[in-house]
$ cat run-v2.cif   # mmCIF, C-alpha atoms
data_entry
loop_
_atom_site.label_atom_id
_atom_site.label_comp_id
_atom_site.auth_asym_id
_atom_site.auth_seq_id
_atom_site.Cartn_x
_atom_site.Cartn_y
_atom_site.Cartn_z
CA MET A 1 0.00 0.00 0.00
CA ALA A 2 1.31 3.46 -0.89
CA ALA A 3 2.47 5.63 1.97
CA TYR A 4 0.46 8.61 0.80
CA GLN A 5 -2.87 8.93 -0.89
CA ILE A 6 -3.50 12.14 -2.80
CA GLN A 7 -6.77 13.18 -4.40
CA GLY A 8 -6.56 15.62 -7.31
CA LEU A 9 -9.51 17.62 -8.55
CA VAL A 10 -8.36 19.02 -11.86
CA CYS A 11 -9.84 21.48 -14.30
CA ARG A 12 -10.16 19.74 -17.67
CA TYR A 13 -8.92 22.80 -19.58
CA CYS A 14 -5.57 23.26 -17.93
CA ALA A 15 -4.53 19.95 -16.51
CA ALA A 16 -4.06 16.61 -18.12
CA LEU A 17 -1.97 13.55 -17.45
CA ARG A 18 0.41 13.36 -20.38
CA GLN A 19 1.81 10.09 -21.60
CA GLY A 20 4.64 8.77 -19.48
CA GLU A 21 4.04 11.15 -16.58
CA ALA A 22 2.52 8.46 -14.34
CA ALA A 23 5.90 6.74 -14.30
CA VAL A 24 7.65 9.72 -12.70
CA LEU A 25 5.23 10.21 -9.80
CA PRO A 26 6.71 9.50 -6.34
CA PRO A 27 6.62 5.70 -5.99
CA ASP A 28 5.22 5.78 -2.45
CA THR A 29 2.23 7.87 -3.51
CA ALA A 30 -1.15 6.88 -4.91
CA VAL A 31 -2.77 9.66 -6.91
CA ILE A 32 -6.45 9.63 -7.76
CA LEU A 33 -7.51 12.20 -10.32
CA GLU A 34 -11.00 13.51 -10.87
CA GLU A 35 -11.71 15.86 -13.73
CA LEU A 36 -13.82 18.95 -13.15
CA PRO A 37 -15.51 20.83 -16.00
CA CYS A 38 -14.04 23.96 -14.37
CA ALA A 39 -12.32 24.59 -11.03
CA GLY A 40 -15.31 26.79 -10.21
CA GLN A 41 -17.32 23.55 -10.02
CA LEU A 42 -15.37 22.52 -6.93
CA GLU A 43 -17.84 21.17 -4.38
CA PRO A 44 -16.77 21.38 -0.71
CA ARG A 45 -18.65 18.12 -0.13
CA ARG A 46 -16.38 16.35 -2.65
CA VAL A 47 -13.26 17.52 -0.80
CA LEU A 48 -14.55 16.29 2.55
CA GLU A 49 -15.57 12.98 0.97
CA ALA A 50 -12.00 12.56 -0.28
CA PHE A 51 -10.60 13.07 3.21
CA ALA A 52 -13.26 10.76 4.63
CA ALA A 53 -12.20 8.10 2.11
CA GLY A 54 -8.59 8.27 3.28
CA ALA A 55 -6.88 11.02 1.29
CA ASP A 56 -3.89 12.55 3.06
CA ALA A 57 -4.13 15.65 0.88
CA VAL A 58 -6.41 17.06 -1.76
CA PHE A 59 -5.21 19.37 -4.50
CA VAL A 60 -7.12 21.50 -6.95
CA TRP A 61 -5.32 22.25 -10.21
CA ALA A 62 -6.81 25.22 -12.00
CA CYS A 63 -6.21 27.55 -14.95
CA PRO A 64 -3.66 30.37 -14.58
CA ALA A 65 -4.75 33.21 -12.31
CA LYS A 66 -6.99 35.70 -14.17
CA ALA A 67 -7.06 33.37 -17.19
CA CYS A 68 -9.88 30.95 -16.50
CA PHE A 69 -10.97 29.08 -19.63
CA HIS A 70 -14.52 30.05 -18.76
CA ARG A 71 -14.57 33.31 -16.85
CA GLN A 72 -13.59 33.31 -13.21
CA GLY A 73 -13.93 29.69 -12.09
CA ASN A 74 -10.37 29.55 -10.79
CA ASP A 75 -10.80 32.73 -8.73
CA LEU A 76 -13.98 31.30 -7.22
CA ALA A 77 -12.21 28.03 -6.51
CA ALA A 78 -9.41 29.92 -4.74
CA LEU A 79 -11.96 31.64 -2.48
CA ARG A 80 -13.79 28.38 -1.83
CA ILE A 81 -10.50 26.72 -0.89
CA LYS A 82 -9.81 29.49 1.62
CA ARG A 83 -13.11 28.65 3.29
CA LEU A 84 -12.41 24.92 3.05
CA ARG A 85 -9.05 25.37 4.75
CA ARG A 86 -10.77 27.09 7.65
CA LEU A 87 -13.25 24.22 7.81
CA LEU A 88 -10.41 21.67 7.84
CA ALA A 89 -8.84 23.52 10.75
CA ASP A 90 -12.19 23.46 12.57
CA ILE A 91 -12.38 19.72 11.96
CA GLY A 92 -8.88 19.24 13.35
CA LEU A 93 -6.95 18.61 10.13
CA GLU A 94 -4.00 20.70 8.96
CA GLU A 95 -5.03 23.40 6.49
CA GLU A 96 -1.98 22.58 4.36
CA ARG A 97 -3.60 19.31 3.31
CA MET A 98 -5.75 21.34 0.96
CA VAL A 99 -3.51 22.54 -1.87
CA TYR A 100 -4.38 24.96 -4.66
CA VAL A 101 -2.17 25.10 -7.72
CA THR A 102 -2.69 27.14 -10.86
CA ALA A 103 -1.09 26.26 -14.17
CA ASP A 104 1.06 29.42 -14.13
CA MET A 105 2.72 28.58 -10.81
CA PRO A 106 6.18 26.98 -10.97
CA ALA A 107 4.64 23.82 -9.50
CA GLY A 108 1.69 23.89 -11.85
CA HIS A 109 3.18 23.11 -15.26
CA SER A 110 2.74 19.33 -15.12
CA LEU A 111 1.11 16.68 -12.98
CA PRO A 112 4.40 15.31 -11.58
CA SER A 113 5.39 18.78 -10.39
CA VAL A 114 1.98 19.34 -8.79
CA VAL A 115 2.15 15.99 -7.04
CA ARG A 116 5.71 16.73 -5.96
CA GLU A 117 4.50 19.97 -4.32
CA VAL A 118 1.76 18.10 -2.46
CA TRP A 119 4.18 15.29 -1.56
CA GLU A 120 6.54 17.83 0.03
CA THR A 121 3.64 19.18 2.07
CA LEU A 122 2.91 15.66 3.26
CA GLN A 123 6.51 15.27 4.37
CA ARG A 124 5.72 17.97 6.92
CA CYS A 125 2.14 16.93 7.83
CA GLY A 126 2.48 13.16 7.62
CA VAL A 127 -0.38 10.82 6.86
CA SER A 128 -3.90 11.88 7.71
CA PRO A 129 -4.77 11.51 11.39
CA LEU A 130 -8.05 10.00 10.18
CA ARG A 131 -6.19 6.88 9.12
CA GLY A 132 -6.99 3.91 11.26
CA LYS A 133 -9.98 5.59 12.86
CA ALA A 134 -13.26 3.87 12.24
CA ALA A 135 -15.53 5.82 9.94
CA CYS A 136 -18.99 6.69 11.11
CA GLU A 137 -21.98 6.59 8.85
CA VAL A 138 -23.12 9.58 6.82
CA LYS A 139 -26.20 8.97 4.69
CA PRO A 140 -27.31 11.63 2.27
CA MET B 1 -35.37 36.74 2.62
CA ILE B 2 -34.20 35.53 6.02
CA VAL B 3 -30.40 35.49 6.16
CA ALA B 4 -28.58 33.12 8.50
CA ASN B 5 -25.04 32.01 9.15
CA VAL B 6 -23.83 28.60 10.31
CA LYS B 7 -22.56 28.43 13.88
CA PRO B 8 -18.92 27.49 14.44
CA LEU B 9 -18.38 23.76 13.92
CA ALA B 10 -17.01 23.32 17.44
CA ASP B 11 -20.20 24.84 18.91
CA ILE B 12 -22.43 22.50 16.92
CA ALA B 13 -20.25 19.51 17.78
CA ALA B 14 -20.49 20.41 21.48
CA LEU B 15 -24.30 20.53 21.26
CA LEU B 16 -24.27 17.01 19.77
CA ALA B 17 -21.63 15.42 21.98
CA ALA B 18 -24.17 13.38 23.94
CA TYR B 19 -25.91 11.86 20.93
CA ARG B 20 -25.05 8.98 18.61
CA ARG B 21 -27.77 9.01 15.95
CA ILE B 22 -28.11 12.43 14.40
CA LEU B 23 -30.46 13.69 11.71
CA VAL B 24 -29.22 16.81 9.90
CA VAL B 25 -32.14 18.67 8.32
CA GLY B 26 -31.55 21.28 5.63
CA CYS B 27 -34.13 23.80 4.50
CA GLY B 28 -34.96 24.53 0.86
CA GLY B 29 -36.14 28.09 1.59
CA CYS B 30 -34.25 31.30 2.32
CA VAL B 31 -31.17 29.59 3.77
CA THR B 32 -30.66 27.67 0.53
CA VAL B 33 -30.56 30.98 -1.33
CA CYS B 34 -28.07 32.52 1.10
CA GLN B 35 -26.04 29.31 0.87
CA SER B 36 -25.95 28.52 4.54
CA GLY B 37 -28.53 25.81 5.15
CA GLY B 38 -29.66 24.02 1.98
CA GLN B 39 -29.02 20.45 0.89
CA LYS B 40 -25.38 21.11 -0.04
CA GLU B 41 -24.60 22.82 3.24
CA ALA B 42 -26.39 20.10 5.22
CA GLU B 43 -24.25 17.44 3.53
CA VAL B 44 -21.06 19.41 4.20
CA LEU B 45 -22.02 19.93 7.85
CA ALA B 46 -22.74 16.22 8.35
CA LEU B 47 -19.43 15.24 6.74
CA ALA B 48 -17.48 17.83 8.73
CA LEU B 49 -19.08 16.68 11.99
CA GLU B 50 -18.36 13.06 11.11
CA LEU B 51 -14.68 13.80 10.42
CA LYS B 52 -14.35 15.86 13.58
CA GLY B 53 -16.08 13.13 15.58
CA ARG B 54 -13.88 10.46 14.03
CA LEU B 55 -10.75 12.36 15.09
CA ASN B 56 -12.12 12.69 18.62
CA GLY B 57 -13.23 9.08 18.90
CA ALA B 58 -16.95 9.84 18.83
CA GLU B 59 -19.23 7.14 17.46
CA GLN B 60 -21.94 9.08 15.73
CA ALA B 61 -24.05 8.23 12.68
CA PHE B 62 -25.44 11.04 10.55
CA ARG B 63 -28.30 11.15 8.12
CA VAL B 64 -29.13 14.14 5.95
CA VAL B 65 -32.52 15.20 4.68
CA THR B 66 -33.72 18.51 3.29
CA LEU B 67 -37.30 19.75 3.53
CA PRO B 68 -38.71 22.16 0.95
CA ARG B 69 -39.26 24.56 3.86
CA GLN B 70 -39.17 24.18 7.62
CA CYS B 71 -41.50 27.09 8.35
CA ASP B 72 -44.69 25.43 7.05
CA PRO B 73 -46.42 22.56 8.87
CA GLU B 74 -47.21 20.62 5.69
CA PHE B 75 -43.50 20.36 4.90
CA VAL B 76 -42.43 19.79 8.51
CA ALA B 77 -44.85 16.83 8.55
CA LEU B 78 -42.64 15.14 5.93
CA LEU B 79 -39.96 14.79 8.58
CA ALA B 80 -42.00 12.13 10.44
CA ALA B 81 -40.95 9.53 7.88
CA GLU B 82 -37.27 10.43 8.32
CA LEU B 83 -36.93 10.54 12.09
CA ASP B 84 -36.57 6.76 12.57
CA ASP B 85 -34.33 6.27 15.56
CA ALA B 86 -32.70 9.71 15.48
CA GLU B 87 -31.87 10.95 18.98
CA VAL B 88 -31.46 14.55 17.91
CA VAL B 89 -32.32 16.75 14.95
CA VAL B 90 -29.89 19.42 13.80
CA SER B 91 -31.86 22.04 11.91
CA LEU B 92 -30.15 24.27 9.36
CA ALA B 93 -33.26 26.42 9.03
CA CYS B 94 -33.67 29.92 10.44
CA GLY B 95 -35.07 30.29 13.93
CA VAL B 96 -38.59 29.96 12.55
CA GLY B 97 -37.90 26.54 11.06
CA VAL B 98 -36.16 25.29 14.20
CA GLN B 99 -39.19 26.24 16.29
CA GLU B 100 -41.66 24.67 13.87
CA VAL B 101 -39.77 21.37 13.88
CA ALA B 102 -39.54 21.43 17.68
CA ALA B 103 -43.26 22.20 17.99
CA ALA B 104 -44.26 19.46 15.55
CA TYR B 105 -42.17 16.78 17.29
CA PRO B 106 -42.39 17.38 21.05
CA GLY B 107 -40.47 14.21 21.84
CA VAL B 108 -37.46 15.11 19.71
CA TRP B 109 -34.56 17.29 20.83
CA VAL B 110 -33.90 19.93 18.14
CA VAL B 111 -30.60 21.80 17.90
CA PRO B 112 -30.10 24.94 15.79
CA ALA B 113 -27.06 24.88 13.51
CA GLN B 114 -27.44 28.49 12.42
CA ASN B 115 -27.54 31.97 13.85
CA THR B 116 -30.44 33.80 12.22
CA LEU B 117 -29.26 37.26 11.29
CA PHE B 118 -31.76 39.48 9.47
CA ALA B 119 -34.29 40.04 6.68
CA GLY B 120 -32.17 41.15 3.77
CA ALA B 121 -31.23 41.10 0.12
CA ASN B 122 -28.39 39.74 -1.97
CA VAL B 123 -26.54 42.94 -2.93
CA ALA B 124 -23.49 41.33 -4.58
CA PRO B 125 -22.31 37.77 -5.18
CA GLY B 126 -21.93 36.27 -1.71
CA VAL B 127 -23.03 39.44 0.09
CA TRP B 128 -26.35 39.90 1.89
CA GLU B 129 -27.43 43.11 3.56
CA GLU B 130 -30.25 43.92 5.95
CA ARG B 131 -33.11 45.71 4.24
CA CYS B 132 -36.18 45.43 6.47
CA GLY B 133 -36.61 45.97 10.21
CA LEU B 134 -39.97 44.16 10.21
CA CYS B 135 -41.47 47.08 12.12
CA GLY B 136 -45.02 46.40 10.94
CA HIS B 137 -45.68 49.91 9.63
CA CYS B 138 -44.03 50.50 6.27
CA VAL B 139 -42.98 54.03 5.24
CA LEU B 140 -41.17 53.16 2.01
CA HIS B 141 -43.74 55.09 -0.07
CA LYS B 142 -42.50 58.29 1.59
CA THR B 143 -38.80 57.61 1.30
CA GLY B 144 -38.31 56.51 -2.28
CA GLY B 145 -38.16 52.81 -1.44
CA ILE B 146 -35.26 53.18 1.01
CA CYS B 147 -36.02 52.16 4.58
CA PRO B 148 -34.85 54.71 7.16
CA ILE B 149 -35.82 52.38 10.00
CA ILE B 150 -33.19 49.78 9.25
CA ARG B 151 -30.73 51.59 6.97
CA CYS B 152 -30.34 54.66 9.17
CA ALA B 153 -28.36 53.74 12.27
CA LYS B 154 -30.66 55.98 14.32
CA SER B 155 -33.89 55.02 12.52
CA LEU B 156 -34.63 58.70 11.92
CA LEU B 157 -37.83 59.58 10.08
CA ASN B 158 -37.37 63.28 9.33
CA GLY B 159 -34.04 63.64 7.62
CA PRO B 160 -30.42 63.05 8.49
CA CYS B 161 -28.91 63.55 11.92
CA GLY B 162 -26.15 65.89 10.78
CA GLY B 163 -23.40 63.39 11.46
CA SER B 164 -23.11 62.00 7.94
CA GLN B 165 -19.92 62.80 6.06
CA ARG B 166 -19.40 62.54 2.31
CA GLY B 167 -22.55 60.44 2.04
CA CYS B 168 -21.56 57.99 4.74
CA CYS B 169 -22.96 57.33 8.19
CA GLU B 170 -20.96 58.63 11.15
CA VAL B 171 -21.36 55.20 12.76
CA SER B 172 -19.37 53.51 9.99
CA ALA B 173 -17.62 54.84 6.91
CA ASP B 174 -18.69 51.65 5.12
CA THR B 175 -22.37 52.41 5.60
CA PRO B 176 -24.06 54.85 3.23
CA CYS B 177 -26.18 57.49 4.96
CA ALA B 178 -29.76 56.33 4.37
CA TRP B 179 -31.03 59.90 4.24
CA GLN B 180 -28.44 60.83 1.63
CA LEU B 181 -29.70 57.91 -0.46
CA ILE B 182 -33.32 58.97 0.12
CA TYR B 183 -32.56 62.55 -0.89
CA GLU B 184 -30.77 61.48 -4.07
CA ARG B 185 -33.57 59.10 -5.01
CA LEU B 186 -36.33 61.66 -4.45
CA GLU B 187 -34.34 64.27 -6.33
CA GLN B 188 -33.93 61.87 -9.26
CA LEU B 189 -37.69 61.26 -9.28
CA ASP B 190 -38.49 64.97 -8.84
CA LYS B 191 -40.28 64.26 -5.57
CA LEU B 192 -38.21 66.30 -3.12
CA ASP B 193 -41.43 67.88 -1.86
CA TYR B 194 -42.10 64.58 -0.06
CA LEU B 195 -39.38 65.61 2.37
CA MET B 196 -41.34 68.70 3.41
CA GLU B 197 -43.99 66.58 5.10
CA ILE B 198 -43.15 66.15 8.78
CA GLN B 199 -43.52 62.55 9.89
CA PRO B 200 -45.21 62.05 13.25
CA VAL B 201 -43.67 60.01 16.02
CA LYS B 202 -43.60 56.45 14.78
CA ASP B 203 -46.17 54.03 16.09
CA TRP B 204 -43.98 51.23 17.38
CA SER B 205 -46.92 49.21 18.70
CA THR B 206 -46.82 47.19 15.49
CA ALA B 207 -43.15 46.29 16.00
CA HIS B 208 -41.43 43.91 18.40
CA GLY B 209 -41.87 44.31 22.12
CA SER B 210 -45.24 42.82 22.97
CA GLY B 211 -44.71 39.14 22.35
CA ALA B 212 -45.01 37.22 19.11
CA ARG B 213 -47.00 39.11 16.49
CA ARG B 214 -49.77 37.45 14.58
CA MET B 215 -51.54 37.84 11.24
CA CYS B 216 -54.83 36.11 10.53
CA TRP B 217 -57.02 35.55 7.50
CA GLU B 218 -60.43 35.13 9.05
CA GLU B 219 -61.92 33.18 6.15
CA GLU B 220 -59.05 30.68 6.31
CA GLN B 221 -59.85 29.91 9.94
CA LYS B 222 -63.42 28.82 9.28
#

$ encode --input "run-v2.cif" --output "structure tokens"
Amino acid sequence: MAAYQIQGLVCRYCAALRQGEAAVLPPDTAVILEELPCAGQLEPRRVLEAFAAGADAVFVWACPAKACFHRQGNDLAALRIKRLRRLLADIGLEEERMVYVTADMPAGHSLPSVVREVWETLQRCGVSPLRGKAACEVKP
Amino acid sequence: MIVANVKPLADIAALLAAYRRILVVGCGGCVTVCQSGGQKEAEVLALALELKGRLNGAEQAFRVVTLPRQCDPEFVALLAAELDDAEVVVSLACGVGVQEVAAAYPGVWVVPAQNTLFAGANVAPGVWEERCGLCGHCVLHKTGGICPIIRCAKSLLNGPCGGSQRGCCEVSADTPCAWQLIYERLEQLDKLDYLMEIQPVKDWSTAHGSGARRMCWEEEQK
């Protein structure tokens, strides 16, 4: 089992796994990617579900700042992530586990570099404290 | 619209510490529009409480349901089929909805998840502002559709206090002077003569202060 589990929520217009990139991801890390039609479609519920399912960190990979493919989805996502980080802190998880990367950041040019950024964060935070704790039931 | 804001997660968690089977009830009315207590927010609250509980070793099970509204008995009645073995209901409605659920189910402990703030409007994306003081005696026809009761810090009825500066209230530079707004609006509509009429002392008997107010349609009661 991989040491770290990372959930990526990626905007379909700026982020894609290019051929061969999977091979250069950190070997101790499992990355699950979910495509969003736009980063502005980021649902807080989806982020919490990822942590509930065992993710050590969740990243959102969005279009360059001020250059959303649509209009302002990435700016909205950035604001939503601010609120989500506060919620994570209220829950008792480190805010750093929620990572926001835009394609114009040094870390945002390819999936391996995004994952590397998150992986470095996890070196500081460690695995999720939720690991090994029995999940309770949440029925929608 | 009633505007409300979710209580801090730690406060809600503390209110639920003694319970194991928890029903989180969202409201499809005003609090869905102000994005604090609809289906999405109810699901997020349940998940956040579950994660917090998991970290603290609590063994709690959550279910989420959203009623079209919690302020009408016909919708509150729908909750009967959802209660099952829930020990506590967490309502994401405004204070009205919380009370209606509590009244309809006397044997169920109901906990409010929100602080109900005011009757207001959505003035910008993500921003709601108070617009009505619910005083029971509307004067908007005299003030160009701008309420001096709630938008003037002193609820003045006969013009500004003299403390406004550059169009802003002396109480806060972020608050426009209501009487400046009223003047500009009446000037625009060529109705400045409305300001010459002296308003009598306001009849506050229709406002808060003598218990819960009531409105009745007689024909509906027969």

$ closest_residue --input "run-v2.cif" --among "A:Tyr13, A:Phe51, A:Trp119, A:Tyr4" --to "chain B" --atoms "only C-alpha atoms"
A:Phe51

$ residues_around --input "run-v2.cif" --residues "stretch 90-102 of chain B" --least-positions-apart "5" --cutoff "6 Å" --atoms "all atoms listed in the file" --output "ChimeraX atom specification"
/B:24-27,37,70-71,110-114,116

$ resolve_selection --input "run-v2.cif" --expression "the PyMOL selection byres ((chain B and resi 140) around 12)" --output "ChimeraX atom specification"
/B:131-133,135-139,141-151,157,182,185-186,194

$ write_last_selection --input "run-v2.cif" --atoms "C-alpha atoms" --output "compact mmCIF listing (two decimals), in the frame of the given file"
# COMPACT_ATOMS: atom_id res chain seq x y z
CA ARG B 131 -33.11 45.71 4.24
CA CYS B 132 -36.18 45.43 6.47
CA GLY B 133 -36.61 45.97 10.21
CA CYS B 135 -41.47 47.08 12.12
CA GLY B 136 -45.02 46.40 10.94
CA HIS B 137 -45.68 49.91 9.63
CA CYS B 138 -44.03 50.50 6.27
CA VAL B 139 -42.98 54.03 5.24
CA HIS B 141 -43.74 55.09 -0.07
CA LYS B 142 -42.50 58.29 1.59
CA THR B 143 -38.80 57.61 1.30
CA GLY B 144 -38.31 56.51 -2.28
CA GLY B 145 -38.16 52.81 -1.44
CA ILE B 146 -35.26 53.18 1.01
CA CYS B 147 -36.02 52.16 4.58
CA PRO B 148 -34.85 54.71 7.16
CA ILE B 149 -35.82 52.38 10.00
CA ILE B 150 -33.19 49.78 9.25
CA ARG B 151 -30.73 51.59 6.97
CA LEU B 157 -37.83 59.58 10.08
CA ILE B 182 -33.32 58.97 0.12
CA ARG B 185 -33.57 59.10 -5.01
CA LEU B 186 -36.33 61.66 -4.45
CA TYR B 194 -42.10 64.58 -0.06

$ axis_aligned_box --input "run-v2.cif" --around "stretch 108-118 of chain A" --padding-each-side "8 Å" --output "lines of an AutoDock Vina configuration file"
center_x = 3.4
center_y = 19.6
center_z = -8.9
size_x = 20.6
size_y = 24.6
size_z = 28.8

$ resolve_selection --input "run-v2.cif" --expression "the PyMOL selection byres ((chain B) within 12 of (chain A))" --output "PyMOL selection string"
chain B and resi 6-13+20-26+39-66+82+125-126

$ atom_distance --input "run-v2.cif" --atom1 "atom CA of A:Gly8" --atom2 "atom CA of A:Ala55"
9.8 Å

$ closest_residue --input "run-v2.cif" --among "A:Trp61, A:Asp75, A:Val118, A:Val99" --to "A:Cys14" --atoms "all atoms listed in the file"
A:Trp61
